[in-house]
Structures are given as structure tokens and as C-alpha cells.
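Notes to accompany the following structure.
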Protein chains: 2
Amino acid sequence: MTIETLLIIGGGLIGSSIARAAKAYGQAKTVYVMDNSPEACTAIERLGFADGVSEGQADFYAAQADLVILCVPPGRMGDVAEKVIPNMKSGAILSDVGSIKGAVIEAVKPHLRKDICFVAGHPIAGTEHSGPEAGFAEIFKDRWCVLTPTEEGLEQTQILKTFWEGLGSDVAIMTPERHDIVLATTSHVPHLIAYTLVGTAVDMETVTQNEVVKFSAGGFRDFTRIAASDPIMWRDVFLSNREATLEVVDRFIEDLTALKRAIRWEDGETLLEHFAKTRDIRRHIVDAGQDSSTPNFGRDD
Amino acid sequence: MTIETLLIIGGGLIGSSIARAAKAYGQAKTVYVMDNSPEACTAIERLGFADGVSEGQADFYAAQADLVILCVPPGRMGDVAEKVIPNMKSGAILSDVGSIKGAVIEAVKPHLRKDICFVAGHPIAGTEHSGPEAGFAEIFKDRWCVLTPTEEGLEQTQILKTFWEGLGSDVAIMTPERHDIVLATTSHVPHLIAYTLVGTAVDMETVTQNEVVKFSAGGFRDFTRIAASDPIMWRDVFLSNREATLEVVDRFIEDLTALKRAIRWEDGETLLEHFAKTRDIRRHIVDAGQDSSTPNFGRDD
Ligand SMILES: NC(=O)c1ccc[n+]([C@@H]2O[C@H](COP(=O)([O-])OP(=O)(O)OC[C@H]3O[C@@H](n4cnc5c(N)ncnc54)[C@H](OP(=O)(O)O)[C@@H]3O)[C@@H](O)[C@H]2O)c1
Ligand SMILES: NC(=O)c1ccc[n+]([C@@H]2O[C@H](COP(=O)([O-])OP(=O)(O)OC[C@H]3O[C@@H](n4cnc5c(N)ncnc54)[C@H](OP(=O)(O)O)[C@@H]3O)[C@@H](O)[C@H]2O)c1
């Protein structure tokens with residue numbers, strides 16, 4: 001089975017990027033988008049990457065789609081699944097792109113039908129911007145997409161894998177639990193820490209906001225990029241991946257406390273040992289094609 | 001007085017960038033570089049931006065220089081000052097680029113002569129790379145350079161200000177103490193946190209290093225860039241700016257603990273309120289020309 005007709009629900013950054021990429025790389029003939037935001041729908045129509053856009057009901061689109069991908073904030077997946085599943089055609093595949101998997105699967109499960117296969121997914125790609133204007137077809141290229149099917153050996157998992165490979169991604173398959181602890185480490189806790197640090201800087205009464213802005217090129221500005229990501233999405237992520245997030249945060253606080261102690265006791269050895277270790281992993285990330293080696297990410301200014 | 005002859009001690013990332021920029025933008029006629037690393041000296045000769053390079057003694061260069069800028073790691077400033085000051089010509093200016101100011105001033109002060117004026121400085125510009133190959137003339141353009149003279153109204157401060165403006169920087173003048181607390185917030189603590197988080201991820205026994213590398217595009221890779229900065233320099237920075245670093249780290253841990261509690265108690269309101277606040281500062285930083293607004297910093301991959 002190839003995907004003839006694709007329905008995207010939630011045409012924001014990720015949804016609109018999938019729609020664009022599916023068309024650009026010939027992974028679907030017809031692409032429909034449903035979004036509950038009138039502004040988003042107007043923008044999607046103007047941008048012209050979809051064969052049909054709906055602001056309200058999407059029953060007609062759902063009935064035709066071979067694949068429906070939910071691209072709404074994690075906390076809305078259950079509601080959206082409840083509405084769309086009854087209208088889907090028998091044998092169609094349902095997937096999503098939520099940044100957490102355990103909680104999304106739990107939310108979707110009660111609404112599933114026997115003749116609809118749900119294979120949850122998460123493309124590890126994105127930017128700090130939101131909405132359909134921010135999307136672009138190349139966003140998934142050379143990035144990983146994680147699929148977390150709840151059954152092994154499903155034909156539908158293979159179909160979805162081929163679809164994502166067609167968008168330029170590498171596909172990794174793992175359990176939802178594993179996804180959630182790995183992503184807590186590589187994504188959720190980094191975001192929480194960036195949000196925290198930017199908040200701390202803004203609240204410091206010894207330093208003015210003007211000073212923070214002026215001297216941000218010393219490192220701080222990198223954190224503000226991450227902390228500019230969509231607040232609603234990240235609230236949902238932290239609330240739905242509580243256990244794993246808290247586990248990693250606790251480890252982080254332990255480690256930070258140890259480095260704090262080393263600074264307090266002027267233990268340069270411990271600091272140096274720690275800092276030398278972390279250089280290595282950057283090299284691996286650059287070698288694996290997951291980041292640019294040009295200084296300052298090759299910023300254009 | 002204009003700078004005819006400039007001596008850079010330590011021709012690494014920052015030193016070689018000043019040398020290049022001083023030539024490129026006509027801020028010095030003759031530029032000499034002294035560096036105690038044979039590899040660095042060979043590279044500087046090959047790169048050809050200096051009028052003379054010395055690996056060992058620099059007495060001859062020091063005797064001619066109108067301005068000597070110390071560009072060695074913060075912990076070496078005292079030793080280097082002790083060696084170079086006796087050879088400097090009367091009336092010359094001494095400066096530095098160390099990322100901390102209080103401790104550098106303390107280290108240099110005992111070696112000062114009455115006829116040499118020391119005006120400490122810190123260009124808020126850099127990359128995660130080190131050494132003379134990593135330098136480039138445009139690095140200071142539209143970045144701030146902080147000068148922390150210990151006396152007000154010095155003519156030498158004006159000369160140095162003009163010099164840095166000639167390299168494309170905006171110049172801010174403040175006390176060493178203020179510099180150290182502001183930079184603790186915008187640079188030192190962000191680096192400490194990045195080093196810590198990357199270390200935590202590498203040490204998590206529930207997640208493999210391979211997984212961390214593969215899925216780093218979710219946010220983690222930004223931290224690894226900062227944590228790839230020179231370990232020796234950063235050890236020196238934390239040890240020499242202890243009080244301010246610890247003050248900001250403690251505030252950060254308090255704030256992180258509050259957000260942790262909000263996650264544990266599923267208090268989405270508090271999370272959302274906090275996350276919304278931090279978006280604003282990013283906009284200010286972009287508007288102030290201190291970062292790129294293109295997604296993902298405009299990474300080239
Ligand atoms: N951003 C990233 O970097 C990234 C990366 C990987 C995965 N993800 C995941 O991708 C999903 C979408 O994120 P995004 O960044 O693309 O967000 P986005 O740009 O804000 O787009 C989400 C779109 O979905 C719409 N929507 C919300 N509730 C809806 C509903 N009930 N029915 C129909 N449409 C609805 C939104 O409209 P309103 O504006 O009216 O709410 C918005 O247009 C999230 O689950 C997120 O975890 C994001
Ligand atoms: N990197 C940044 O982003 C940045 C930004 C603003 C300010 N700064 C400040 O700039 C200074 C230099 O940093 P950098 O990044 O340019 O470092 P770098 O690239 O490592 O260069 C430092 C150079 O100084 C040499 N050196 C060390 N001790 C010396 C000595 N006693 N005499 C002569 N040369 C000596 C080093 O040689 P060896 O390799 O043999 O030690 C190296 O070639 C530091 O004080 C730092 O705080 C850095």
C-alpha cells in the first residue's frame with residue numbers, strides 16, 4: 001500500500017511541513033489539512049501546498065485518507081482522535097507527531113477501532129517558530145523519526161517507515177517508554193532548563209533586562225532560542241512526561257550541585273575533568289550529521 | 001594618540017581575531033603576536049596576518065608597542081603581565097580580553113608601573129573553537145566590548161574605546177564588579193549549565209551515548225556547542241568569578257526547583273505563565289541585533 005491520500009490535522013509548523021514534504025517528495029498524491037484556527041487555514045490556502053483545507057469538520061477528508069497524522073499539541077491528541085476516528089475508512093492508518101509518546105498513546109487508545117491501526121511517531125526536527133508559515137519541506141531531511149508501534153511486525157509500521165524515509169528521515173523504532181526517557185534527556189529537560197535560565201536572568205534584580213539583552217552573545221542567546229518555543233506545547237510535554245522529566249532533572253541538579261561544590265572549594269581538577277569529557281560528544285553529533293560544525297552554528301550575523 | 005604598533009600576547013581565537021581586525025580595519029600599522037605555543041606560532045606565520053611572531057621573548061616587540069593586549073587564559077594574565085610590563089615603553093597602554101575582570105585586575109595590579117596605564121576589557125564575542133585558525137576579523141562586529149577602567153576619565157580609556165569601535169564593536173564602560181555579575185548571568189552560568197547538562201546526559205545509564213547523539217536535534221545539540229568551549233578557559237572563569245557564579249547558580253536552582261514542583265503537582269498554569277514570559281526576551285535580543293531571527297540560528301544543515 002502506498003499513501004494516495006493524506007490528512008493532516010493541525011497544519012502548524014510540523015503539520016504544514018509534512019504536507020509540503022509529502023507533495024514535494026511524491027509521498028502522497030492528495031494532501032488535505034484540517035486546522036481549528038481560522039488564521040492558520042487562511043495562511044494554508046494562501047501558501048497553496050494543500051489540495052483542500054478545512055477549518056471545522058473534516059469528515060469528507062477523513063473518509064478518503066489512507067493516512068491521518070495528528071499534528072496538534074500533545075494535550076489535544078485525545079480529543080482530535082475521538083472526532084476523526086469514527087469517520088476514517090476501514091484499513092486506514094492513524095499516526096501522530098507528538099513530542100511524547102506514552103501519554104499520547106494512552107489518550108488515543110480508548111477511541112481506536114479494530115480496523116484502524118495506530119502507529120505513533122515523533123520526528124526529531126523542528127524550530128523555535130510555530131504556525132504554517134514556519135514550515136518547510138526540508139525540515140525532516142537527515143533527521144531521525146521515531147516510531148513507537150505497540151505491536152511488533154505490523155505491516156502499517158513498514159508503510160509509515162517508508163513514508164518518513166520518503167521525506168528524507170532516518171527511522172528508528174522503539175517502545176513508547178524508551179522514547180520518553182531518551183527524549184526527556186535530549187529534548188524535554190534541555191527545554192525546561194533553557195526556560196528556567198532565561199526566567200532566572202529576567203528576574204535577577206542585580207542585573208537589568210537591558211544588560212541581559214546587550215551582553216547575550218556570551219552564551220545566553222542560545223538559551224533564549226530554545227526558550228522561545230511554543231509554551232502550550234511544552235507545558236503539555238512536561239505534564240505528560242512527568243516521571244522521565246523529573247528523573248533527568250534530579251540527576252541534573254545532583255551534577256550541578258557537585259560542580260557548584262567544586263567551584264566553592266576551588267577544585268579546578270574536578271571542573272577540568274568534567275569539562276573535557278563533554279567536548280567529545282559534540283564531535284560525535286557533528287560527525288553523525290546532527291549539527292553544523294561551523295562556529296556559532298554558522299549564524300548569519 | 002593613535003595605535004601605531006600593537007602587541008598581542010596569546011594569538012588564539014580572540015588574540016588572532018584582534019590582530020586580523022586591527023589590520024583589516026586600519027586600527028594599527030604594525031601588529032606583533034607573541035604566543036608560547038609553537039604550533040600556534042607556526043600557524044600565525046602561515047596565516048600571515050602579523051608583522052612579527054615570537055614564541056619566546058617578546059622584549060623587542062613590547063618596547064615598540066603603543067598598546068599591548070593580553071589574550072591568554074584568565075589564569076595566566078598575572079604571569080604574562082609580570083613578564084611583559086618591565087619591557088613596555090613609557091606611556092604605553094596595557095589591556096586584556098579576559099572573560100572575568102575583577103580577578104584579572106587583581107592579578108595584573110602588583111606588576112603595574114606608574115607610567116603604564118592598564119584598562120581591562122572584554123569583548124562579548126567568540127565561538128566554541130580555539131586557536132589562531134579559528135579567528136576572523138569580523139568577529140567583533142556589532143558585538144559589545146566592555147571596558148572596566150579602575151579610574152574615571154582616563155584618556156587611555158578613550159583611546160581604547162576608539163580602537164574597539166574601529167574593530168566594529170559598541171563599547172560599554174562599567175566597574176569590574178558589575179561586569180562580573182552581569183557576565184555571570186549572560187555567559188558564565190549558561191556555560192556551567194551547558195557543561196552540566198551534557199555531562200548528565202553522557203552519564204545517564206538508562207540512555208546510551210548513541211541515542212543521545214542520534215536524537216540530539218530535539219534541543220540538546222545547542223547545549224553541546226556551548227559545552228565544547230575551551231575547558232581551561234572556563235575552569236579559570238568559574239574559579240575567578242566564584243561569588244557571582246554561585247549567586248546566579250543558586251537562583252537558577254531555586255527557579256528550577258519551583259518548576260519541578262509545578263510539574264510534579266501538574267500545575268500547568270504556573271508552567272505556562274513562566275514559559276510565556278521568556279519568549280519576550282528573545283525578541284528583544286533579535287531586535288537589538290544580538291542574534292539571528294532565522295530558525296535554528298540559520299544552521300547550514
Ligand atoms: N515544534 C517542534 O519543534 C516539534 C517537533 C516535533 C514534534 N512536535 C509536535 O508536533 C505537534 C504540533 O507542534 P507544532 O510545533 O507544529 O505546533 P503549531 O505550529 O502551534 O501548530 C499546531 C496547529 O494545530 C492547531 N490545533 C490545535 N488544536 C487543534 C484541534 N483540536 N483541531 C485542529 N487543529 C488544532 C493549532 O491551532 P491553534 O493555534 O488555534 O491552537 C495550530 O494551527 C505537537 O504535538 C508537538 O509535540 C513539535
Ligand atoms: N573564546 C571566547 O569565546 C572568548 C570570548 C571573549 C574573551 N575570551 C578571553 O580571551 C582569552 C583567550 O581566549 P581564546 O579563546 O582566544 O583562547 P585560545 O584560542 O586557546 O588562545 C589562547 C592562546 O594563548 C596562548 N598562551 C597561553 N598561555 C600563554 C602564555 N603564558 N604566554 C603566551 N601565550 C600563552 C595559548 O597557547 P597554549 O595553547 O600553548 O596554551 C593559546 O595559543 C581568555 O582570557 C578568554 O577569557 C574568550
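Starting from 1 in every chain, residues are counted up; chains themselves are A, B, ... following the order of the C-alpha cells, and ligands are numbered from 1 as listed.
Residues lying within 7 Å of segment 238-246 of chain B, counting only C-alpha atoms and ignoring same-chain neighbours fewer than 4 positions away, are A:Lys260, A:Ile263, A:Arg264, A:Glu266, B:Ile100, B:Ala103, B:Asp180, B:Ile181, B:Ala184, B:His188, B:Val189, B:Trp234, B:Asp250.
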Take the selection from the previous step and output its residues with N, CA and C atoms, as a compact mmCIF listing (two decimals), in the first residue's frame.
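Resulting contents of part06.txt:
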# COMPACT_ATOMS: atom_id res chain seq x y z
N LYS A 260 29.02 22.92 41.57
CA LYS A 260 28.94 24.09 42.46
C LYS A 260 29.91 23.92 43.61
N ILE A 263 33.42 24.46 42.52
CA ILE A 263 33.74 25.90 42.39
C ILE A 263 33.96 26.49 43.76
N ARG A 264 33.07 26.17 44.71
CA ARG A 264 33.17 26.74 46.05
C ARG A 264 34.51 26.38 46.69
N GLU A 266 37.22 25.57 45.12
CA GLU A 266 38.29 25.85 44.16
C GLU A 266 39.00 24.58 43.69
N ILE B 100 36.63 37.44 32.69
CA ILE B 100 36.31 37.97 34.02
C ILE B 100 37.21 39.17 34.25
N ALA B 103 39.16 39.49 38.99
CA ALA B 103 40.31 38.66 39.30
C ALA B 103 41.51 39.00 38.40
N ASP B 180 31.31 41.53 36.29
CA ASP B 180 31.37 40.12 36.71
C ASP B 180 30.02 39.54 37.08
N ILE B 181 29.12 40.36 37.64
CA ILE B 181 27.80 39.82 37.94
C ILE B 181 26.93 39.75 36.67
N ALA B 184 28.24 36.84 34.69
CA ALA B 184 27.87 35.57 35.34
C ALA B 184 26.50 35.15 34.83
N HIS B 188 28.63 33.12 32.05
CA HIS B 188 29.31 32.10 32.86
C HIS B 188 28.36 30.99 33.31
N VAL B 189 27.21 31.39 33.88
CA VAL B 189 26.27 30.35 34.32
C VAL B 189 25.68 29.58 33.13
N TRP B 234 37.39 28.01 30.80
CA TRP B 234 36.17 28.04 31.62
C TRP B 234 36.43 27.66 33.06
N ASP B 250 22.63 29.57 42.34
CA ASP B 250 21.67 29.31 43.42
C ASP B 250 20.28 29.80 43.05
>> Residues within 12 Å of Thr270 of chain B, please, as JSON, numbers by chain. Count only C-alpha atoms; anything in the same chain fewer than 2 positions from it doesn't count.
In response: {"A": [231, 232, 235, 239], "B": [255, 258, 259, 260, 261, 262, 263, 264, 265, 266, 267, 268, 272, 273, 274, 275, 276, 277]}
Give me a file of those residues, with C-alpha atoms, as a compact mmCIF listing (two decimals), in the first residue's frame.
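Saved file again_32.txt follows:
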# COMPACT_ATOMS: atom_id res chain seq x y z
CA PRO A 231 4.67 27.47 25.65
CA ILE A 232 1.49 25.38 25.28
CA ARG A 235 3.55 22.64 29.13
CA LEU A 239 2.93 17.35 32.23
CA ASP B 255 13.74 28.52 40.00
CA ALA B 258 9.85 25.65 41.59
CA LEU B 259 9.20 24.44 38.03
CA LYS B 260 9.94 20.87 39.12
CA ARG B 261 7.31 21.25 41.80
CA ALA B 262 4.84 22.61 39.24
CA ILE B 263 5.44 19.56 37.06
CA ARG B 264 5.10 17.18 39.99
CA TRP B 265 1.79 18.76 41.05
CA GLU B 266 0.59 19.09 37.45
CA ASP B 267 0.28 22.84 37.83
CA GLY B 268 0.05 23.78 34.15
CA LEU B 272 2.57 28.38 31.10
CA GLU B 273 2.99 31.67 32.94
CA HIS B 274 6.71 31.10 33.23
CA PHE B 275 7.20 29.94 29.62
CA ALA B 276 5.24 32.83 28.14
CA LYS B 277 7.44 35.36 29.95
>> What's around segment 191-195 of chain A at 8 Å? Count only C-alpha atoms, leave out sequence neighbours fewer than 6 positions away in its own chain, and write the answer as JSON, numbers by chain.
In response: {"A": [223, 224, 226, 227], "B": [219, 256, 274, 275, 278]}
> Using only C-alpha atoms and all ligand atoms, which of the listed residues (A:Phe215, A:Asp236, A:Arg282, A:Leu167) sits closest to ligand 2?
Replying inline: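 Among A:Phe215, A:Asp236, A:Arg282, A:Leu167, it is A:Phe215 that comes nearest to ligand 2.
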> So which residues touch segment 110-125 of chain A within 7 Å, counting only C-alpha atoms, skipping near sequence neighbours fewer than 6 positions away, as a ChimeraX atom specification?
Replying inline: /A:81-82,85,90-99,101,139-140,143-149,157 /B:215,217-218
Go ahead and save the residues from that selection, with C-alpha atoms, as a tab-separated table (two decimals), in the first residue's frame.
chain	number	residue	atom	x	y	z
A	81	ALA	CA	-8.65	11.27	17.77
A	82	GLU	CA	-12.13	10.92	19.22
A	85	ILE	CA	-11.55	8.06	14.05
A	90	SER	CA	-11.55	0.88	7.16
A	91	GLY	CA	-7.91	-0.19	6.91
A	92	ALA	CA	-6.51	3.33	7.11
A	93	ILE	CA	-3.52	4.19	9.28
A	94	LEU	CA	-3.56	6.72	12.10
A	95	SER	CA	-0.36	8.35	13.33
A	96	ASP	CA	0.78	11.45	15.20
A	97	VAL	CA	3.90	13.58	15.72
A	98	GLY	CA	3.59	14.40	19.43
A	99	SER	CA	6.83	15.02	21.29
A	101	LYS	CA	4.54	9.02	23.18
A	139	ILE	CA	12.89	20.12	7.79
A	140	PHE	CA	12.95	16.31	8.17
A	143	ARG	CA	16.78	13.94	10.97
A	144	TRP	CA	15.51	10.92	12.87
A	145	CYS	CA	11.86	10.00	13.09
A	146	VAL	CA	10.96	7.66	15.95
A	147	LEU	CA	8.03	5.27	15.55
A	148	THR	CA	6.62	3.59	18.65
A	149	PRO	CA	4.18	0.87	17.49
A	157	THR	CA	4.73	0.30	10.68
B	215	PHE	CA	18.26	12.36	18.88
B	217	ALA	CA	18.34	17.67	17.27
B	218	GLY	CA	15.50	17.99	19.79
Per residue of chain A within 7 Å of ligand 1, note the shortest atom pair and the distance in Å to one decimal, counting only C-alpha atoms and all ligand atoms, and order the rows by chain and increasing residue number, as a tab-separated table.
residue	atom	partner	partner_atom_place_in_ligand_line	distance
A:Ile9	CA	ligand 1	33 (C)	5.5
A:Gly10	CA	ligand 1	24 (O)	3.4
A:Gly11	CA	ligand 1	23 (C)	5.1
A:Gly12	CA	ligand 1	21 (O)	3.1
A:Leu13	CA	ligand 1	16 (O)	3.7
A:Ile14	CA	ligand 1	16 (O)	3.7
A:Gly15	CA	ligand 1	16 (O)	5.5
A:Met34	CA	ligand 1	33 (C)	6.0
A:Asp35	CA	ligand 1	34 (N)	3.7
A:Asn36	CA	ligand 1	33 (C)	4.2
A:Ser37	CA	ligand 1	40 (O)	3.9
A:Ala40	CA	ligand 1	43 (O)	5.4
A:Cys71	CA	ligand 1	11 (C)	4.4
A:Val72	CA	ligand 1	24 (O)	4.1
A:Pro73	CA	ligand 1	45 (O)	3.8
A:Pro74	CA	ligand 1	45 (O)	4.2
A:Arg76	CA	ligand 1	31 (N)	5.7
A:Asp79	CA	ligand 1	31 (N)	6.7
A:Val80	CA	ligand 1	31 (N)	5.4
A:Val97	CA	ligand 1	10 (O)	5.0
A:Gly98	CA	ligand 1	45 (O)	3.5
A:Ser99	CA	ligand 1	47 (O)	3.8
A:Ile100	CA	ligand 1	47 (O)	6.7
A:His122	CA	ligand 1	7 (C)	5.8
A:Pro123	CA	ligand 1	6 (C)	5.2
A:Ile124	CA	ligand 1	6 (C)	5.4
A:Ala125	CA	ligand 1	5 (C)	5.1
A:Gly126	CA	ligand 1	3 (O)	3.3
A:Thr127	CA	ligand 1	3 (O)	4.9
A:Glu128	CA	ligand 1	3 (O)	6.3
A:Ser130	CA	ligand 1	19 (O)	3.6
A:Gly131	CA	ligand 1	19 (O)	3.6
A:Pro132	CA	ligand 1	19 (O)	6.4
A:Asp230	CA	ligand 1	20 (O)	6.8
A:Met233	CA	ligand 1	47 (O)	5.8
A:Val237	CA	ligand 1	47 (O)	6.9
Could you turn the residues from that selection into a file that holds N, CA and C atoms, as a tab-separated table (two decimals), in the first residue's frame?
chain	number	residue	atom	x	y	z
A	9	ILE	N	-4.03	16.72	10.54
A	9	ILE	CA	-4.87	17.50	11.46
A	9	ILE	C	-3.96	18.37	12.32
A	10	GLY	N	-4.07	19.69	12.15
A	10	GLY	CA	-3.17	20.64	12.80
A	10	GLY	C	-2.09	21.04	11.82
A	11	GLY	N	-2.34	22.12	11.07
A	11	GLY	CA	-1.41	22.50	9.99
A	11	GLY	C	-0.40	23.54	10.43
A	12	GLY	N	0.21	23.36	11.58
A	12	GLY	CA	1.21	24.31	12.08
A	12	GLY	C	2.60	24.00	11.55
A	13	LEU	N	3.59	24.29	12.37
A	13	LEU	CA	4.98	24.08	11.94
A	13	LEU	C	5.20	22.66	11.40
A	14	ILE	N	4.86	21.65	12.20
A	14	ILE	CA	5.14	20.27	11.82
A	14	ILE	C	4.13	19.77	10.78
A	15	GLY	N	2.85	20.01	11.03
A	15	GLY	CA	1.83	19.54	10.10
A	15	GLY	C	2.02	20.12	8.71
A	34	MET	N	-6.66	19.85	8.05
A	34	MET	CA	-7.72	20.38	8.89
A	34	MET	C	-7.05	21.10	10.06
A	35	ASP	N	-7.51	22.31	10.35
A	35	ASP	CA	-6.95	23.06	11.48
A	35	ASP	C	-8.07	23.88	12.08
A	36	ASN	N	-8.11	23.99	13.40
A	36	ASN	CA	-9.22	24.74	14.01
A	36	ASN	C	-8.95	26.24	14.13
A	37	SER	N	-7.80	26.67	13.62
A	37	SER	CA	-7.50	28.09	13.67
A	37	SER	C	-7.81	28.72	12.32
A	40	ALA	N	-4.73	30.10	10.62
A	40	ALA	CA	-3.89	29.04	10.03
A	40	ALA	C	-4.49	28.58	8.70
A	71	CYS	N	-1.25	16.38	14.19
A	71	CYS	CA	-0.13	17.31	14.40
A	71	CYS	C	-0.56	18.48	15.29
A	72	VAL	N	-1.39	18.18	16.29
A	72	VAL	CA	-1.87	19.19	17.24
A	72	VAL	C	-0.99	19.10	18.51
A	73	PRO	N	-1.13	20.06	19.44
A	73	PRO	CA	-0.36	19.95	20.67
A	73	PRO	C	-0.66	18.63	21.40
A	74	PRO	N	0.32	18.10	22.11
A	74	PRO	CA	0.16	16.79	22.77
A	74	PRO	C	-1.13	16.68	23.59
A	76	ARG	N	-4.00	17.81	23.05
A	76	ARG	CA	-5.23	17.79	22.26
A	76	ARG	C	-5.41	16.50	21.47
A	79	ASP	N	-8.77	14.32	22.15
A	79	ASP	CA	-9.99	14.95	21.60
A	79	ASP	C	-10.06	14.81	20.09
A	80	VAL	N	-8.94	15.09	19.45
A	80	VAL	CA	-8.92	15.07	17.99
A	80	VAL	C	-9.11	13.64	17.48
A	97	VAL	N	2.51	13.08	15.66
A	97	VAL	CA	3.90	13.58	15.72
A	97	VAL	C	4.23	14.13	17.10
A	98	GLY	N	3.41	13.84	18.08
A	98	GLY	CA	3.59	14.40	19.43
A	98	GLY	C	4.97	14.13	20.01
A	99	SER	N	5.48	15.12	20.74
A	99	SER	CA	6.83	15.02	21.29
A	99	SER	C	6.94	14.05	22.46
A	100	ILE	N	5.81	13.54	22.92
A	100	ILE	CA	5.83	12.47	23.91
A	100	ILE	C	4.96	11.35	23.37
A	122	HIS	N	7.23	10.35	16.12
A	122	HIS	CA	7.77	11.65	16.54
A	122	HIS	C	8.99	12.01	15.71
A	123	PRO	N	8.85	12.97	14.80
A	123	PRO	CA	10.02	13.43	14.04
A	123	PRO	C	10.87	14.33	14.93
A	124	ILE	N	12.16	14.01	15.04
A	124	ILE	CA	13.05	14.82	15.89
A	124	ILE	C	13.59	15.96	15.05
A	125	ALA	N	12.73	16.89	14.76
A	125	ALA	CA	13.07	18.02	13.91
A	125	ALA	C	12.14	19.14	14.27
A	126	GLY	N	12.58	20.35	14.08
A	126	GLY	CA	11.71	21.48	14.41
A	126	GLY	C	12.51	22.75	14.50
A	127	THR	N	11.81	23.83	14.80
A	127	THR	CA	12.46	25.11	15.03
A	127	THR	C	11.74	25.76	16.19
A	128	GLU	N	12.18	26.97	16.55
A	128	GLU	CA	11.53	27.68	17.64
A	128	GLU	C	10.28	28.42	17.16
A	130	SER	N	6.41	28.75	15.19
A	130	SER	CA	5.17	27.97	15.10
A	130	SER	C	4.37	28.41	13.89
A	131	GLY	N	3.34	27.62	13.58
A	131	GLY	CA	2.38	28.02	12.55
A	131	GLY	C	2.77	27.59	11.16
A	132	PRO	N	1.80	27.64	10.22
A	132	PRO	CA	2.02	27.13	8.86
A	132	PRO	C	3.09	27.89	8.08
A	230	ASP	N	7.10	27.10	21.58
A	230	ASP	CA	5.69	27.27	21.96
A	230	ASP	C	5.39	26.84	23.40
A	233	MET	N	2.68	23.83	23.88
A	233	MET	CA	3.23	22.53	23.55
A	233	MET	C	4.13	22.02	24.67
A	237	VAL	N	4.05	18.79	27.15
A	237	VAL	CA	5.12	17.79	27.16
A	237	VAL	C	5.55	17.47	28.60
>> Considering only strand (DSSP E or B) as DSSP defines it on the backbone, what residues of segment 74-299 of chain B qualify? List them as a ChimeraX atom specification.
In response: /B:93-96,117-118,120-123,144-148,170-173
> atom CA of Ala107 of chain A to atom CA of Thr208 of chain B: how many Å, to one decimal?
Replying inline: 28.5 Å
>> as an MDAnalysis selection string, please: every residue in segment 67-236 of chain B that DSSP puts in alpha helix (DSSP H).
In response: chainID B and resid 77:84 102:108 155:166 176:183 189:203 209:214 220:226 231:236
> What lies within 8 Å of Arg299 of chain A using only C-alpha atoms, ignoring chain neighbours under 5 positions off, as an NGL selection string?
Replying inline: :B and (291-292 or 297-299)
>> With distances taken over only C-alpha atoms, which residue among A:Tyr25, A:Phe49, A:Phe163, A:Phe136 lies nearest chain B?
In response: A:Phe136
